[in-house]
$ cat my_file.cif   # mmCIF, C-alpha atoms and all ligand atoms
data_start
#
loop_
_atom_site.label_atom_id
_atom_site.label_comp_id
_atom_site.auth_asym_id
_atom_site.auth_seq_id
_atom_site.Cartn_x
_atom_site.Cartn_y
_atom_site.Cartn_z
CA MET A 9 5.07 -15.27 19.35
CA PRO A 10 5.29 -12.65 16.60
CA GLN A 11 6.54 -13.96 13.27
CA VAL A 12 10.00 -12.89 12.23
CA VAL A 13 9.59 -10.51 9.30
CA GLU A 14 12.33 -8.23 8.11
CA HIS A 15 11.51 -4.55 8.49
CA ILE A 16 13.16 -2.29 5.93
CA PRO A 17 13.30 1.34 7.13
CA VAL A 18 11.46 3.58 4.67
CA LEU A 19 13.34 6.46 2.98
CA ALA A 20 16.39 5.63 5.09
CA GLY A 21 18.88 6.89 2.48
CA THR A 22 17.12 10.24 2.09
CA LEU A 23 16.86 10.66 5.82
CA THR A 24 20.54 10.01 6.50
CA GLU A 25 21.46 12.43 3.70
CA ARG A 26 19.25 15.20 5.10
CA ILE A 27 19.92 14.76 8.81
CA THR A 28 23.32 15.42 10.31
CA LEU A 29 23.51 15.08 14.05
CA PRO A 30 26.19 16.63 16.21
CA PRO A 31 28.17 13.65 17.63
CA ASN A 32 27.15 14.64 21.17
CA GLY A 33 23.59 15.42 20.09
CA VAL A 34 20.24 14.14 21.35
CA MET A 35 17.78 12.46 19.04
CA VAL A 36 14.30 11.17 19.83
CA ASP A 37 12.89 8.42 17.70
CA ALA A 38 9.20 8.71 18.58
CA THR A 39 8.40 5.42 16.80
CA ILE A 40 11.40 3.20 17.46
CA GLY A 41 9.84 0.10 15.82
CA GLN A 42 12.63 -2.31 14.91
CA GLY A 43 15.22 0.42 15.48
CA GLY A 44 16.03 0.52 11.76
CA HIS A 45 16.20 4.30 11.31
CA SER A 46 17.62 4.76 14.80
CA TYR A 47 20.47 2.40 14.12
CA LEU A 48 21.52 4.33 11.01
CA LEU A 49 21.36 7.73 12.71
CA GLY A 50 22.49 6.49 16.12
CA LYS A 51 25.74 5.26 14.54
CA THR A 52 26.71 8.89 13.97
CA LEU A 53 26.45 9.72 17.68
CA SER A 54 29.46 9.47 20.01
CA HIS A 55 29.43 8.09 23.54
CA GLU A 56 28.31 11.59 24.61
CA GLY A 57 25.26 11.42 22.35
CA VAL A 58 21.81 10.28 23.47
CA LEU A 59 19.16 8.34 21.61
CA ILE A 60 15.71 8.22 23.19
CA GLY A 61 13.33 5.75 21.55
CA LEU A 62 9.62 5.48 22.23
CA ASP A 63 7.08 2.90 21.18
CA VAL A 64 3.70 1.80 22.48
CA ASP A 65 4.35 -1.79 21.50
CA LYS A 66 6.22 -3.78 24.15
CA GLU A 67 7.53 -6.22 21.53
CA ALA A 68 8.89 -3.37 19.39
CA VAL A 69 10.84 -1.97 22.35
CA ARG A 70 12.33 -5.41 22.96
CA ARG A 71 13.31 -5.86 19.30
CA ALA A 72 14.82 -2.37 19.16
CA GLN A 73 16.87 -3.11 22.27
CA LEU A 74 18.55 -5.97 20.42
CA ARG A 75 19.02 -3.97 17.24
CA LEU A 76 20.65 -1.02 19.02
CA LYS A 77 22.80 -2.86 21.54
CA ASP A 78 26.07 -2.07 19.71
CA LEU A 79 25.60 1.70 19.51
CA VAL A 80 28.12 3.65 21.55
CA CYS A 81 25.75 6.49 22.45
CA ARG A 82 23.43 6.32 25.46
CA VAL A 83 20.29 4.50 24.36
CA ILE A 84 17.10 4.99 26.38
CA LEU A 85 14.09 3.01 25.23
CA VAL A 86 10.71 3.59 26.80
CA ARG A 87 7.34 1.98 26.23
CA SER A 88 5.38 5.17 25.84
CA ASN A 89 2.95 6.86 23.53
CA PHE A 90 4.65 9.66 21.60
CA SER A 91 1.88 12.01 22.75
CA HIS A 92 3.95 12.09 25.99
CA ILE A 93 7.23 12.90 24.21
CA ALA A 94 7.98 16.07 26.22
CA GLU A 95 7.40 14.33 29.55
CA GLN A 96 9.64 11.40 28.52
CA VAL A 97 12.49 13.67 27.39
CA HIS A 98 12.30 15.87 30.50
CA LYS A 99 12.28 12.77 32.72
CA GLN A 100 15.80 12.09 31.45
CA GLY A 101 16.93 15.53 32.64
CA ILE A 102 17.06 16.75 29.02
CA GLU A 103 15.44 20.06 28.06
CA LYS A 104 15.91 20.28 24.29
CA VAL A 105 16.84 17.90 21.49
CA ASP A 106 18.56 18.06 18.10
CA PHE A 107 16.29 15.78 16.15
CA ILE A 108 12.84 14.20 16.36
CA LEU A 109 11.81 11.41 14.02
CA ALA A 110 8.36 9.89 13.62
CA ASP A 111 7.86 7.05 11.13
CA LEU A 112 4.13 6.68 11.61
CA GLY A 113 1.79 3.73 11.45
CA ILE A 114 2.80 0.14 11.86
CA SER A 115 5.71 -2.03 10.80
CA SER A 116 5.47 -5.07 8.55
CA VAL A 117 6.22 -7.15 11.63
CA GLN A 118 3.14 -5.81 13.39
CA LEU A 119 0.98 -6.20 10.30
CA SER A 120 1.81 -9.87 10.09
CA ASP A 121 1.45 -10.47 13.84
CA VAL A 122 -1.90 -12.29 14.01
CA GLU A 123 -2.34 -11.35 17.67
CA LYS A 124 -2.61 -7.70 16.67
CA GLY A 125 -5.43 -8.47 14.23
CA LEU A 126 -4.44 -5.71 11.80
CA SER A 127 -4.45 -7.52 8.49
CA PHE A 128 -7.30 -8.67 6.28
CA LEU A 129 -4.96 -11.13 4.60
CA GLU A 130 -5.00 -13.48 7.56
CA ASP A 131 -7.98 -14.47 9.66
CA ALA A 132 -7.31 -13.27 13.20
CA PRO A 133 -9.24 -11.84 16.16
CA LEU A 134 -10.46 -8.36 15.24
CA ASP A 135 -8.30 -6.44 17.70
CA MET A 136 -6.07 -3.74 16.08
CA ARG A 137 -4.67 -2.38 19.36
CA ILE A 138 -0.99 -1.65 18.82
CA ASP A 139 -0.79 -0.84 22.51
CA LYS A 140 -2.36 -3.77 24.36
CA ARG A 141 -2.99 -1.51 27.36
CA LEU A 142 -5.82 0.17 25.44
CA LYS A 143 -9.30 -1.05 26.36
CA THR A 144 -11.32 -0.80 23.14
CA THR A 145 -10.70 -3.22 20.28
CA ALA A 146 -11.87 -2.96 16.66
CA ALA A 147 -14.42 -5.71 17.43
CA ASP A 148 -15.89 -3.53 20.22
CA ILE A 149 -16.33 -0.67 17.76
CA VAL A 150 -17.74 -2.79 14.95
CA ASN A 151 -20.25 -4.58 17.20
CA ASN A 152 -21.37 -1.72 19.44
CA THR A 153 -21.36 1.48 17.39
CA ASP A 154 -24.59 2.74 15.82
CA GLU A 155 -24.79 2.70 12.04
CA LYS A 156 -24.42 6.44 11.43
CA THR A 157 -21.41 6.81 13.73
CA LEU A 158 -19.82 3.77 12.11
CA ALA A 159 -20.39 5.21 8.63
CA ASP A 160 -18.92 8.56 9.69
CA LEU A 161 -15.89 6.81 11.18
CA ILE A 162 -15.26 4.86 7.95
CA TYR A 163 -15.72 8.03 5.92
CA ASN A 164 -13.63 10.33 8.10
CA PHE A 165 -10.74 7.98 8.89
CA GLY A 166 -10.87 5.70 5.84
CA GLU A 167 -12.01 8.25 3.24
CA ASP A 168 -14.21 5.54 1.73
CA ARG A 169 -17.10 7.04 -0.19
CA ALA A 170 -19.05 3.79 0.21
CA SER A 171 -18.98 4.20 4.01
CA ARG A 172 -22.78 4.21 4.44
CA ARG A 173 -23.18 0.99 2.50
CA ILE A 174 -20.35 -0.69 4.40
CA ALA A 175 -21.84 0.39 7.75
CA ARG A 176 -25.24 -0.96 6.66
CA PHE A 177 -23.73 -4.33 5.76
CA ILE A 178 -21.87 -4.49 9.09
CA VAL A 179 -24.99 -3.70 11.10
CA GLU A 180 -27.01 -6.23 9.10
CA ARG A 181 -24.45 -9.00 9.67
CA ARG A 182 -24.04 -8.40 13.39
CA LYS A 183 -27.79 -8.96 13.88
CA SER A 184 -27.14 -12.64 13.18
CA GLU A 185 -23.64 -13.08 14.63
CA PRO A 186 -21.02 -10.96 16.39
CA ILE A 187 -18.17 -9.85 14.15
CA THR A 188 -15.05 -11.11 15.87
CA THR A 189 -12.43 -11.80 13.19
CA THR A 190 -10.57 -9.85 10.51
CA GLY A 191 -11.73 -12.41 7.95
CA GLN A 192 -15.39 -11.79 8.75
CA LEU A 193 -14.98 -8.04 8.46
CA ALA A 194 -13.00 -8.28 5.21
CA ASP A 195 -15.74 -10.51 3.80
CA ILE A 196 -18.54 -8.10 4.83
CA VAL A 197 -16.77 -5.11 3.28
CA SER A 198 -15.99 -7.03 0.09
CA ARG A 199 -19.66 -7.99 -0.21
CA ALA A 200 -20.77 -4.42 0.44
CA LEU A 201 -18.57 -3.13 -2.36
CA ARG A 202 -19.24 -5.89 -4.86
CA ARG A 203 -21.45 -4.87 -7.76
CA PRO A 204 -22.92 -7.59 -9.96
CA GLY A 205 -20.72 -8.21 -12.97
CA GLN A 206 -18.21 -5.59 -11.86
CA LYS A 207 -14.56 -6.36 -11.34
CA ARG A 208 -12.69 -4.94 -8.34
CA ARG A 209 -12.79 -1.11 -8.31
CA THR A 210 -9.11 -0.63 -7.58
CA ARG A 211 -5.90 -2.56 -7.17
CA ILE A 212 -6.09 -2.29 -3.38
CA HIS A 213 -8.14 -4.77 -1.35
CA PRO A 214 -11.72 -3.46 -0.88
CA ALA A 215 -11.36 -3.62 2.91
CA THR A 216 -8.17 -1.51 3.01
CA ARG A 217 -9.90 1.77 3.84
CA THR A 218 -12.25 0.29 6.45
CA PHE A 219 -9.32 -1.40 8.18
CA GLN A 220 -7.38 1.86 8.11
CA ALA A 221 -10.35 3.71 9.62
CA LEU A 222 -10.72 1.23 12.47
CA ARG A 223 -7.00 1.16 13.20
CA ILE A 224 -6.93 4.97 13.41
CA ALA A 225 -9.95 4.96 15.74
CA VAL A 226 -8.74 2.14 17.99
CA ASN A 227 -5.30 3.67 18.44
CA ASN A 228 -6.42 7.30 18.52
CA GLU A 229 -3.78 7.93 15.88
CA LEU A 230 -4.67 11.43 14.71
CA GLU A 231 -5.03 12.90 18.20
CA ASN A 232 -1.69 11.38 19.23
CA LEU A 233 -0.01 12.83 16.15
CA LYS A 234 -1.45 16.29 16.91
CA LYS A 235 0.00 16.11 20.42
CA LEU A 236 3.39 14.97 19.12
CA LEU A 237 3.52 17.83 16.62
CA ALA A 238 2.44 20.37 19.24
CA SER A 239 5.14 19.26 21.68
CA SER A 240 7.92 19.03 19.11
CA SER A 241 8.35 22.73 18.38
CA GLU A 242 8.93 23.33 22.10
CA LEU A 243 11.40 20.47 22.39
CA LEU A 244 13.70 21.26 19.47
CA LYS A 245 16.88 23.26 19.93
CA SER A 246 17.53 26.13 17.53
CA ASN A 247 18.52 24.50 14.18
CA GLY A 248 17.17 21.16 15.41
CA ARG A 249 15.05 19.22 12.93
CA ILE A 250 11.86 17.21 12.92
CA ALA A 251 11.19 14.58 10.25
CA VAL A 252 7.85 12.84 9.86
CA ILE A 253 7.12 9.94 7.52
CA SER A 254 3.39 9.49 7.02
CA PHE A 255 1.42 6.87 5.14
CA HIS A 256 -1.96 8.39 4.39
CA SER A 257 -3.35 11.78 3.52
CA LEU A 258 -4.98 12.39 6.92
CA GLU A 259 -1.62 12.16 8.69
CA ASP A 260 0.25 14.04 5.97
CA ARG A 261 -2.26 16.91 6.11
CA LEU A 262 -1.73 17.29 9.87
CA VAL A 263 2.04 17.38 9.40
CA LYS A 264 1.88 19.79 6.47
CA ASN A 265 -0.44 22.17 8.32
CA ASN A 266 1.55 22.05 11.54
CA PHE A 267 4.80 22.86 9.70
CA LYS A 268 3.10 25.70 7.77
CA GLU A 269 1.59 27.23 10.91
CA ASN A 270 4.94 27.07 12.66
CA GLU A 271 6.63 28.64 9.64
CA ARG A 272 4.10 31.47 9.62
CA ALA A 273 4.75 31.99 13.34
CA GLY A 274 8.51 32.22 12.70
CA ILE A 275 9.19 29.01 14.62
CA TYR A 276 10.07 26.59 11.79
CA LYS A 277 11.72 26.79 8.41
CA ILE A 278 10.28 24.11 6.13
CA ILE A 279 13.11 22.09 4.57
CA THR A 280 10.96 19.98 2.23
CA LYS A 281 8.74 22.34 0.22
CA LYS A 282 7.14 19.25 -1.28
CA PRO A 283 7.06 15.92 0.55
CA ILE A 284 9.82 13.49 -0.39
CA VAL A 285 8.50 10.19 -1.73
CA PRO A 286 10.37 6.93 -2.30
CA SER A 287 11.87 6.05 -5.67
CA ARG A 288 10.29 3.39 -7.84
CA GLU A 289 13.20 1.07 -6.94
CA GLU A 290 12.52 1.49 -3.22
CA ILE A 291 8.81 0.77 -3.72
CA CYS A 292 9.67 -2.39 -5.68
CA GLU A 293 11.86 -3.58 -2.82
CA ASN A 294 9.52 -2.52 -0.05
CA ARG A 295 5.75 -2.43 -0.64
CA ARG A 296 5.21 -0.57 2.64
CA ALA A 297 7.07 2.40 1.15
CA ARG A 298 4.53 2.95 -1.62
CA SER A 299 2.44 5.58 0.16
CA ALA A 300 5.22 7.11 2.29
CA LYS A 301 5.71 10.89 2.43
CA LEU A 302 8.58 12.50 4.30
CA ARG A 303 8.43 16.09 5.50
CA ILE A 304 11.23 17.85 7.38
CA ALA A 305 11.22 21.19 9.21
CA GLN A 306 13.93 23.03 11.12
CA ARG A 307 13.52 25.01 14.34
CA ILE A 308 14.60 28.59 13.88
C1 LIG B 1 6.64 2.05 10.99
S1 LIG B 1 7.07 1.53 12.54
C2 LIG B 1 8.62 2.32 12.83
C3 LIG B 1 9.76 1.60 12.23
C4 LIG B 1 11.12 2.19 12.57
N1 LIG B 1 11.28 3.52 12.02
C5 LIG B 1 12.24 1.30 12.08
O1 LIG B 1 13.03 1.73 11.23
O2 LIG B 1 12.36 0.18 12.54
C6 LIG B 1 6.02 2.47 13.53
C7 LIG B 1 6.13 2.19 15.01
O3 LIG B 1 5.46 3.22 15.70
C8 LIG B 1 4.80 2.67 16.81
N2 LIG B 1 3.74 3.60 17.17
C9 LIG B 1 2.58 3.84 16.51
N3 LIG B 1 1.89 4.80 17.14
C10 LIG B 1 2.62 5.18 18.22
C11 LIG B 1 2.43 6.14 19.24
N4 LIG B 1 1.34 6.90 19.29
N5 LIG B 1 3.39 6.29 20.16
C12 LIG B 1 4.52 5.53 20.12
N6 LIG B 1 4.75 4.58 19.18
C13 LIG B 1 3.81 4.42 18.23
C14 LIG B 1 4.33 1.32 16.33
O4 LIG B 1 4.13 0.46 17.42
C15 LIG B 1 5.48 0.89 15.43
O5 LIG B 1 6.40 0.08 16.12
#
$ encode --input "my_file.cif" --output "structure tokens"
Amino acid sequence: MPQVVEHIPVLAGTLTERITLPPNGVMVDATIGQGGHSYLLGKTLSHEGVLIGLDVDKEAVRRAQLRLKDLVCRVILVRSNFSHIAEQVHKQGIEKVDFILADLGISSVQLSDVEKGLSFLEDAPLDMRIDKRLKTTAADIVNNTDEKTLADLIYNFGEDRASRRIARFIVERRKSEPITTTGQLADIVSRALRRPGQKRRTRIHPATRTFQALRIAVNNELENLKKLLASSSELLKSNGRIAVISFHSLEDRLVKNNFKENERAGIYKIITKKPIVPSREEICENRRARSAKLRIAQRI
């Protein structure tokens, strides 16, 4: 059973200030999670309004169902990857929507769920699949990928300049034993980055970037985001808005570039010239918020 951990929606105040839905409007929360953002925005919809929520995690859909049960609007929750957003909306007989929200990545609940094997803070099976229907786990990648491909993956998705050294340490260790737990991997990466007599390079855990890289690869995160962004411009009504909260520069770059391209093509007007970031107070209350960036665009 997943542990009960409170999930605080990131940048919720800013979002509710910037997004006004028509009471009979349609919103799609592409990452329903605990339903935190959806609850706040869904409250502004009347019984004629529709809230469609997607999530790849079965548990998240179940939790959101409970969270949103008192909303008066029609609530449709589907276990689906947001790369299929258009298909899911059209299935409901809806052509266009007023608002699309994507709060990317994972929730604190998922991070602390040992079955998901996402955290280096607890020793758990090295899995990292948010969607358990996926076939390849992080352990499969770590144990079966050749050293160069592994190094490239850690560099490209984790932006860790020590990627070659980390990959070498992984390949060396797996000669003697398979790498099957998050603890083993965190230990290998820490050893790879440890220099004699040197204190930790940064305040973040040394394995942070490698874990990020593997999570992105296992869940195909960047390709899914590209598909979501490509479908969204088609789905939005005129004056409809899209808001994306991202947590690392690879995601943010995709969002920024997509919005810019659409602005150049006369499809979007960018509402946030610079990304909105959480206040220091919000970061103190919610560690997950520390790297959040919110960008909003409006369909012309
Ligand atoms: C940060 S949480 C969202 C939290 C939510 N905004 C709230 O306030 O409760 C991100 C959610 O997105 C889901 N997710 C990640 N990638 C997804 C994808 N490609 N398609 C659908 N859901 C995805 C995760 O399972 C997770 O539940």
$ residues_near_ligand --input "my_file.cif" --ligand "ligand LIG 1 (chain B)" --cutoff "6 Å" --atoms "only C-alpha atoms and all ligand atoms" --output "PDB file with C-alpha atoms, in the coordinates of the input"
ATOM      1  CA  PRO A  17      13.300   1.340   7.130  1.00  0.00           C
ATOM      2  CA  ALA A  38       9.200   8.710  18.580  1.00  0.00           C
ATOM      3  CA  THR A  39       8.400   5.420  16.800  1.00  0.00           C
ATOM      4  CA  ILE A  40      11.400   3.200  17.460  1.00  0.00           C
ATOM      5  CA  GLY A  41       9.840   0.100  15.820  1.00  0.00           C
ATOM      6  CA  GLN A  42      12.630  -2.310  14.910  1.00  0.00           C
ATOM      7  CA  GLY A  43      15.220   0.420  15.480  1.00  0.00           C
ATOM      8  CA  GLY A  44      16.030   0.520  11.760  1.00  0.00           C
ATOM      9  CA  HIS A  45      16.200   4.300  11.310  1.00  0.00           C
ATOM     10  CA  LEU A  62       9.620   5.480  22.230  1.00  0.00           C
ATOM     11  CA  ASP A  63       7.080   2.900  21.180  1.00  0.00           C
ATOM     12  CA  VAL A  64       3.700   1.800  22.480  1.00  0.00           C
ATOM     13  CA  ASP A  65       4.350  -1.790  21.500  1.00  0.00           C
ATOM     14  CA  ALA A  68       8.890  -3.370  19.390  1.00  0.00           C
ATOM     15  CA  SER A  88       5.380   5.170  25.840  1.00  0.00           C
ATOM     16  CA  ASN A  89       2.950   6.860  23.530  1.00  0.00           C
ATOM     17  CA  PHE A  90       4.650   9.660  21.600  1.00  0.00           C
ATOM     18  CA  ASP A 111       7.860   7.050  11.130  1.00  0.00           C
ATOM     19  CA  LEU A 112       4.130   6.680  11.610  1.00  0.00           C
ATOM     20  CA  GLY A 113       1.790   3.730  11.450  1.00  0.00           C
ATOM     21  CA  ILE A 114       2.800   0.140  11.860  1.00  0.00           C
ATOM     22  CA  SER A 115       5.710  -2.030  10.800  1.00  0.00           C
ATOM     23  CA  ILE A 138      -0.990  -1.650  18.820  1.00  0.00           C
ATOM     24  CA  ASN A 232      -1.690  11.380  19.230  1.00  0.00           C
TER      25      ASN A 232
END
$ closest_residue --input "my_file.cif" --among "A:Ala297, A:Leu29, A:Ala305, A:Ala225" --to "Val263 in chain A" --atoms "all atoms listed in the file"
A:Ala305
$ closest_residue --input "my_file.cif" --among "A:Arg298, A:Arg303, A:His55, A:His92" --to "Lys235 in chain A" --atoms "all atoms listed in the file"
A:His92
$ closest_residue --input "my_file.cif" --among "A:Leu158, A:Asn164, A:Gly125, A:Glu231" --to "Thr188 in chain A" --atoms "all atoms listed in the file"
A:Gly125
$ closest_residue --input "my_file.cif" --among "A:Glu180, A:Arg82, A:Val18, A:Asp106" --to "Arg295 in chain A" --atoms "only C-alpha atoms"
A:Val18
$ atom_distance --input "my_file.cif" --atom1 "CA of Gly191 in chain A" --atom2 "CA of Glu130 in chain A"
6.8 Å
$ atom_distance --input "my_file.cif" --atom1 "CA of Leu109 in chain A" --atom2 "CA of Ser54 in chain A"
18.7 Å
$ closest_residue --input "my_file.cif" --among "A:Asn247, A:Thr190, A:Asn265, A:Ser198" --to "Phe177 in chain A" --atoms "all atoms listed in the file"
A:Ser198
$ closest_residue --input "my_file.cif" --among "A:Asp37, A:Glu155, A:Glu25, A:Asp148" --to "Ile250 in chain A" --atoms "only C-alpha atoms"
A:Asp37
$ atom_distance --input "my_file.cif" --atom1 "CA of Ile224 in chain A" --atom2 "CA of Lys268 in chain A"
23.7 Å
$ residues_around --input "my_file.cif" --residues "Thr22 in chain A" --least-positions-apart "4" --cutoff "9 Å" --atoms "all atoms listed in the file" --output "MDAnalysis selection string"
chainID A and resid 26:27 284 286
$ axis_aligned_box --input "my_file.cif" --around "range 118-129 of chain A" --padding-each-side "3 Å" --output "AutoDock Vina command-line options"
--center_x -2.1 --center_y -9.0 --center_z 11.1 --size_x 16.4 --size_y 12.6 --size_z 19.1
$ residues_near_point --input "my_file.cif" --point "(17.1, 10.8, 20.4)" --cutoff "8 Å" --atoms "only C-alpha atoms" --output "PyMOL selection string"
chain A and resi 33-37+58-61+105-108
$ residues_around --input "my_file.cif" --residues "Ile275 in chain A" --least-positions-apart "3" --cutoff "6 Å" --atoms "all atoms listed in the file" --output "PyMOL selection string"
chain A and resi 270-271+307-308
$ residues_near_point --input "my_file.cif" --point "(-23.2, -7.4, 15.3)" --cutoff "12 Å" --atoms "all atoms listed in the file" --output "PyMOL selection string"
chain A and resi 147-155+175-189+192-193+196
$ decode --input "my_file.cif" --residues "range 130-151 of chain A" --atoms "N, CA, C and O atoms" --output "PDB file, in the first residue's frame"
ATOM      1  N   GLU A 130      15.352   5.810   0.089  1.00  0.00           N
ATOM      2  CA  GLU A 130      14.926   4.539   0.686  1.00  0.00           C
ATOM      3  C   GLU A 130      15.381   3.413  -0.218  1.00  0.00           C
ATOM      4  O   GLU A 130      15.373   3.563  -1.446  1.00  0.00           O
ATOM      5  N   ASP A 131      15.783   2.291   0.385  1.00  0.00           N
ATOM      6  CA  ASP A 131      16.226   1.179  -0.449  1.00  0.00           C
ATOM      7  C   ASP A 131      15.000   0.407  -0.940  1.00  0.00           C
ATOM      8  O   ASP A 131      14.208  -0.085  -0.142  1.00  0.00           O
ATOM      9  N   ALA A 132      14.864   0.365  -2.259  1.00  0.00           N
ATOM     10  CA  ALA A 132      13.675  -0.262  -2.858  1.00  0.00           C
ATOM     11  C   ALA A 132      14.092  -0.913  -4.170  1.00  0.00           C
ATOM     12  O   ALA A 132      15.154  -0.586  -4.716  1.00  0.00           O
ATOM     13  N   PRO A 133      13.270  -1.798  -4.721  1.00  0.00           N
ATOM     14  CA  PRO A 133      13.594  -2.358  -6.041  1.00  0.00           C
ATOM     15  C   PRO A 133      13.751  -1.234  -7.075  1.00  0.00           C
ATOM     16  O   PRO A 133      12.963  -0.269  -7.074  1.00  0.00           O
ATOM     17  N   LEU A 134      14.747  -1.362  -7.901  1.00  0.00           N
ATOM     18  CA  LEU A 134      15.068  -0.304  -8.877  1.00  0.00           C
ATOM     19  C   LEU A 134      14.097  -0.383 -10.058  1.00  0.00           C
ATOM     20  O   LEU A 134      14.383  -1.011 -11.062  1.00  0.00           O
ATOM     21  N   ASP A 135      12.938   0.230  -9.910  1.00  0.00           N
ATOM     22  CA  ASP A 135      11.870   0.076 -10.892  1.00  0.00           C
ATOM     23  C   ASP A 135      11.672   1.366 -11.693  1.00  0.00           C
ATOM     24  O   ASP A 135      11.994   1.451 -12.865  1.00  0.00           O
ATOM     25  N   MET A 136      11.110   2.389 -11.057  1.00  0.00           N
ATOM     26  CA  MET A 136      10.892   3.736 -11.632  1.00  0.00           C
ATOM     27  C   MET A 136       9.757   3.834 -12.643  1.00  0.00           C
ATOM     28  O   MET A 136       9.552   4.895 -13.219  1.00  0.00           O
ATOM     29  N   ARG A 137       9.016   2.750 -12.886  1.00  0.00           N
ATOM     30  CA  ARG A 137       7.879   2.888 -13.808  1.00  0.00           C
ATOM     31  C   ARG A 137       6.728   3.558 -13.073  1.00  0.00           C
ATOM     32  O   ARG A 137       6.250   3.025 -12.063  1.00  0.00           O
ATOM     33  N   ILE A 138       6.298   4.715 -13.556  1.00  0.00           N
ATOM     34  CA  ILE A 138       5.122   5.354 -12.954  1.00  0.00           C
ATOM     35  C   ILE A 138       3.884   4.595 -13.434  1.00  0.00           C
ATOM     36  O   ILE A 138       2.930   4.416 -12.715  1.00  0.00           O
ATOM     37  N   ASP A 139       3.948   4.166 -14.688  1.00  0.00           N
ATOM     38  CA  ASP A 139       2.878   3.361 -15.266  1.00  0.00           C
ATOM     39  C   ASP A 139       3.341   1.906 -15.247  1.00  0.00           C
ATOM     40  O   ASP A 139       4.232   1.518 -16.016  1.00  0.00           O
ATOM     41  N   LYS A 140       2.727   1.107 -14.400  1.00  0.00           N
ATOM     42  CA  LYS A 140       3.189  -0.279 -14.227  1.00  0.00           C
ATOM     43  C   LYS A 140       2.931  -1.132 -15.470  1.00  0.00           C
ATOM     44  O   LYS A 140       3.354  -2.280 -15.538  1.00  0.00           O
ATOM     45  N   ARG A 141       2.215  -0.577 -16.451  1.00  0.00           N
ATOM     46  CA  ARG A 141       1.995  -1.345 -17.688  1.00  0.00           C
ATOM     47  C   ARG A 141       3.228  -1.314 -18.596  1.00  0.00           C
ATOM     48  O   ARG A 141       3.324  -2.063 -19.555  1.00  0.00           O
ATOM     49  N   LEU A 142       4.153  -0.406 -18.311  1.00  0.00           N
ATOM     50  CA  LEU A 142       5.388  -0.354 -19.104  1.00  0.00           C
ATOM     51  C   LEU A 142       6.215  -1.605 -18.828  1.00  0.00           C
ATOM     52  O   LEU A 142       6.138  -2.179 -17.740  1.00  0.00           O
ATOM     53  N   LYS A 143       7.025  -1.997 -19.815  1.00  0.00           N
ATOM     54  CA  LYS A 143       7.772  -3.259 -19.674  1.00  0.00           C
ATOM     55  C   LYS A 143       9.154  -3.045 -19.033  1.00  0.00           C
ATOM     56  O   LYS A 143       9.597  -3.840 -18.222  1.00  0.00           O
ATOM     57  N   THR A 144       9.839  -1.982 -19.442  1.00  0.00           N
ATOM     58  CA  THR A 144      11.246  -1.822 -19.047  1.00  0.00           C
ATOM     59  C   THR A 144      11.384  -1.053 -17.738  1.00  0.00           C
ATOM     60  O   THR A 144      10.850   0.048 -17.599  1.00  0.00           O
ATOM     61  N   THR A 145      12.126  -1.634 -16.798  1.00  0.00           N
ATOM     62  CA  THR A 145      12.375  -0.953 -15.524  1.00  0.00           C
ATOM     63  C   THR A 145      13.765  -0.302 -15.568  1.00  0.00           C
ATOM     64  O   THR A 145      14.570  -0.578 -16.464  1.00  0.00           O
ATOM     65  N   ALA A 146      14.032   0.517 -14.534  1.00  0.00           N
ATOM     66  CA  ALA A 146      15.360   1.141 -14.443  1.00  0.00           C
ATOM     67  C   ALA A 146      16.431   0.060 -14.274  1.00  0.00           C
ATOM     68  O   ALA A 146      17.536   0.189 -14.809  1.00  0.00           O
ATOM     69  N   ALA A 147      16.106  -1.026 -13.551  1.00  0.00           N
ATOM     70  CA  ALA A 147      17.082  -2.107 -13.375  1.00  0.00           C
ATOM     71  C   ALA A 147      17.428  -2.731 -14.730  1.00  0.00           C
ATOM     72  O   ALA A 147      18.593  -3.049 -14.994  1.00  0.00           O
ATOM     73  N   ASP A 148      16.421  -2.897 -15.611  1.00  0.00           N
ATOM     74  CA  ASP A 148      16.702  -3.444 -16.947  1.00  0.00           C
ATOM     75  C   ASP A 148      17.718  -2.562 -17.672  1.00  0.00           C
ATOM     76  O   ASP A 148      18.666  -3.055 -18.284  1.00  0.00           O
ATOM     77  N   ILE A 149      17.510  -1.261 -17.592  1.00  0.00           N
ATOM     78  CA  ILE A 149      18.405  -0.337 -18.308  1.00  0.00           C
ATOM     79  C   ILE A 149      19.816  -0.398 -17.711  1.00  0.00           C
ATOM     80  O   ILE A 149      20.812  -0.543 -18.425  1.00  0.00           O
ATOM     81  N   VAL A 150      19.883  -0.310 -16.398  1.00  0.00           N
ATOM     82  CA  VAL A 150      21.177  -0.247 -15.715  1.00  0.00           C
ATOM     83  C   VAL A 150      21.991  -1.537 -15.922  1.00  0.00           C
ATOM     84  O   VAL A 150      23.215  -1.505 -16.051  1.00  0.00           O
ATOM     85  N   ASN A 151      21.297  -2.677 -16.001  1.00  0.00           N
ATOM     86  CA  ASN A 151      22.019  -3.950 -16.116  1.00  0.00           C
ATOM     87  C   ASN A 151      22.292  -4.382 -17.554  1.00  0.00           C
ATOM     88  O   ASN A 151      23.157  -5.219 -17.788  1.00  0.00           O
TER      89      ASN A 151
END
